[in-house]
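J.: Once you've had a glance at the structure underneath, I'll fire off some questions.
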Amino acid sequence: MKNHKKICSDKGFSLIEIIIAIAILAIITLPLLNAFVTSSKMNALSRNKLLAIETGKNIMEELKGYNLADIIKLGSPNITSPTIFGNTGFEELDYNPSTHKYVVAAHKSLRQSHTGRDYDFYPKAGGKYYFYLKNIEGEGFTTNALITVSKPSITADNIDKITPVSTDKDILIDATLSAGDAATKMLNDPLLSSSVKHNVSASTLRREIHITVTGTEIVTVKTEFNYYVNGSASPVTGLSDLRTEESDSPKDELRSIYLFLAPWNNSTGDEKIVIDNPLNKKFKLYIVKQDTGNLGNKMIILDVRDGNINFAEKSPVKVFTNVADTNFRCRYYRGSQPYTTDKIDVNMSLVESKSADEVNSFARLYDIEVKVFNSNVDENGIAGAEPLMTLTGGMSN
């Protein structure tokens, strides 16, 4: 029998073996560590994005609770106002296009009157107002925000009171194009024949606006702008650069149609508006004349055409307008037949009643854009900085 001796050695790992082991461990763990760090950064970025979105939504919702003058009031250091988002750093800015920078406004839109007892509102050029909200804190995250408030082209500034506009229930139609601008578009239109262009000018054009309300459960509103050259019984067709037709998004419920009208008081003939309502939809029609001068002896003629209704009932359409009584005439039809105008309510005012729900017209017709930035982006850097989020809204929708 052979004797087997157990060979024992107290020899350890060599330096080369240790280096190789460390290298293998590094190769395995470094990508994992890098992935962990990257994931942590992404999570933090995502969290910041979500907090920025939440901040933007909160700003938008809170600002919708104010009218335009109140928003400007928040940015005036001369007026004691409630804090917004627990922060009083709410400054009105101006944009300098030559330097491409925002600067603190030297002339506020809301200024103290000479009597020193009240304040006057001064509209800004271009209808844009900029506000900078600093150090908005939430859940350990601090941001700054640039708020842009813009007045759209349609206005009701000359009206004391008007029902608040809601884009969920209301239709807004912009008929503020001037006769001069319409003539220019026609003369520059390559598709319009030379024979028609020969007769086109601001003084020879006439406009008719047709609004058709249809649909059973879902209501659709289609608007057509028809342009006539003096002496022609047919509207001009084949236009490429001049809008002649538009349809609004369908509504589950139609409450009101707002027609913002700049009358063509320098054009030939009277201006005509036709409302086709064959299914007898119930809504209010606001014809809001813009402050563009005196109509003189020109008339705005409104034709309301309902379907067949019981003779004892009134029209489901209620009309409100700020056009002077001497320049406005309403004609009413049922089933294409002329009907007595005592069966349709026409109010020579844009206000049905002096209720507490009414607000100043200037309060509601504006658009808002909110941009949220990291807290290290100040007034000098916001013009070129990338926002964490951008949110748009307005029109009290």
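In the structure tokens, the first chain shown is A, the next is B, and so on; residue numbers restart at 1 for each chain, and ligands run from 1 in the order shown.
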Which residues, written as an MDAnalysis selection string, have at least one atom at most 6 Å from A:Asn135, with only C-alpha atoms counted and residues fewer than 4 positions away on the same chain left out?
T.: chainID A and resid 142:144
J.: May I have the residues within 8 Å of stretch 220-229 of chain A as a list of chain:residue names, using only C-alpha atoms and disregarding those fewer than 5 positions away in the same chain?
T.: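 What passes the distance filter is A:Ile171, A:Asn199, A:Val200, A:Thr204, A:Leu205, A:Arg206, A:Arg207, A:Glu208, A:Ile209, A:His210, A:Ile211, A:Thr212, A:Val213, A:Thr214, A:Gly215, A:Ser234, A:Pro235, A:Val236, A:Arg243, A:Thr244, A:Glu245, A:Glu246, A:Ser247, A:Asp248, A:Ser249, A:Pro250, A:Lys251.
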J.: Any idea what the distance is between atom CA of A:Ser194 and atom CA of A:Gly269?
T.: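 Rounded to one decimal, the two atoms are 23.4 Å apart.
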J.: List the spatial neighbours of A:Thr341 as a count of residues only - criterion: any atom at most 9 Å away, only C-alpha atoms, same-chain residues fewer than 3 positions off excluded.
T.: 8
J.: Hey, what's within 9 Å of A:Pro190 if we count only C-alpha atoms and toss same-chain stuff fewer than 5 positions away? As number ranges by chain, please?
T.: A: 239-241
J.: Go ahead and write the selection's residues with C-alpha atoms as a compact mmCIF listing (two decimals), in the first residue's frame.
T.:
```txt
# COMPACT_ATOMS: atom_id res chain seq x y z
CA LEU A 239 -59.94 82.62 -54.06
CA SER A 240 -56.78 81.05 -52.66
CA ASP A 241 -55.60 83.62 -50.11
```
J.: Choose the residue, out of A:Ser178, A:Thr390, A:Ser109, A:Asn48, that has the smallest atom-to-atom separation from A:Glu369; count only C-alpha atoms.
T.: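 For A:Glu369, the nearest of the given residues is A:Thr390.
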J.: Go through A:Lys49, A:Lys272, A:Arg305, A:Lys57 one by one, measure the shortest atom-to-atom distance of each to A:Gln337 using only C-alpha atoms, and give the residue with the smallest value.
T.: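 The shortest atom-to-atom distance to A:Gln337 comes from A:Arg305.
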J.: Could you check how far atom CA of A:Asp303 sits from atom CA of A:Asp270, in Å to one decimal?
T.: 12.8 Å
J.: Report, in Å with one decimal, the straight-line distance from atom CA of A:Leu279 to atom CA of A:Glu313.
T.: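 If I compute the distance from atom CA of A:Leu279 to atom CA of A:Glu313, I get 14.6 Å.
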J.: Find the residues around A:Asp378 up to 10 Å (only C-alpha atoms counted), leave out those fewer than 6 positions away in its own chain, and share them as a PyMOL selection string.
T.: chain A and resi 102+132-134+144-146+385
J.: Keeping only C-alpha atoms, take the residues you just selected and write them out as a PDB file, in the first residue's frame.
T.:
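Final output, saved to out31.pdb:
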```pdb
ATOM      1  CA  TYR A 102     -36.687  90.236 -21.118  1.00  0.00           C
ATOM      2  CA  TYR A 132     -41.940  86.649 -14.220  1.00  0.00           C
ATOM      3  CA  LEU A 133     -42.732  84.577 -11.146  1.00  0.00           C
ATOM      4  CA  LYS A 134     -39.668  83.736  -9.049  1.00  0.00           C
ATOM      5  CA  ASN A 144     -39.199  80.162 -12.009  1.00  0.00           C
ATOM      6  CA  ALA A 145     -41.951  80.847 -14.529  1.00  0.00           C
ATOM      7  CA  LEU A 146     -42.483  83.180 -17.484  1.00  0.00           C
ATOM      8  CA  ALA A 385     -33.304  78.838 -22.124  1.00  0.00           C
TER       9      ALA A 385
END
```
J.: Among the residues of stretch 228-267 of chain A, find those DSSP assigns to strand (DSSP E) from the backbone and print them as a PyMOL selection string.
T.: chain A and resi 228-229+245-247+256-261
J.: Which residue, A:Gly138, A:Ala262, A:Gly381, A:Ile300, has the smallest gap to A:Ile173 when you use only C-alpha atoms?
T.: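 Distance minimum relative to A:Ile173 lands on A:Ala262.
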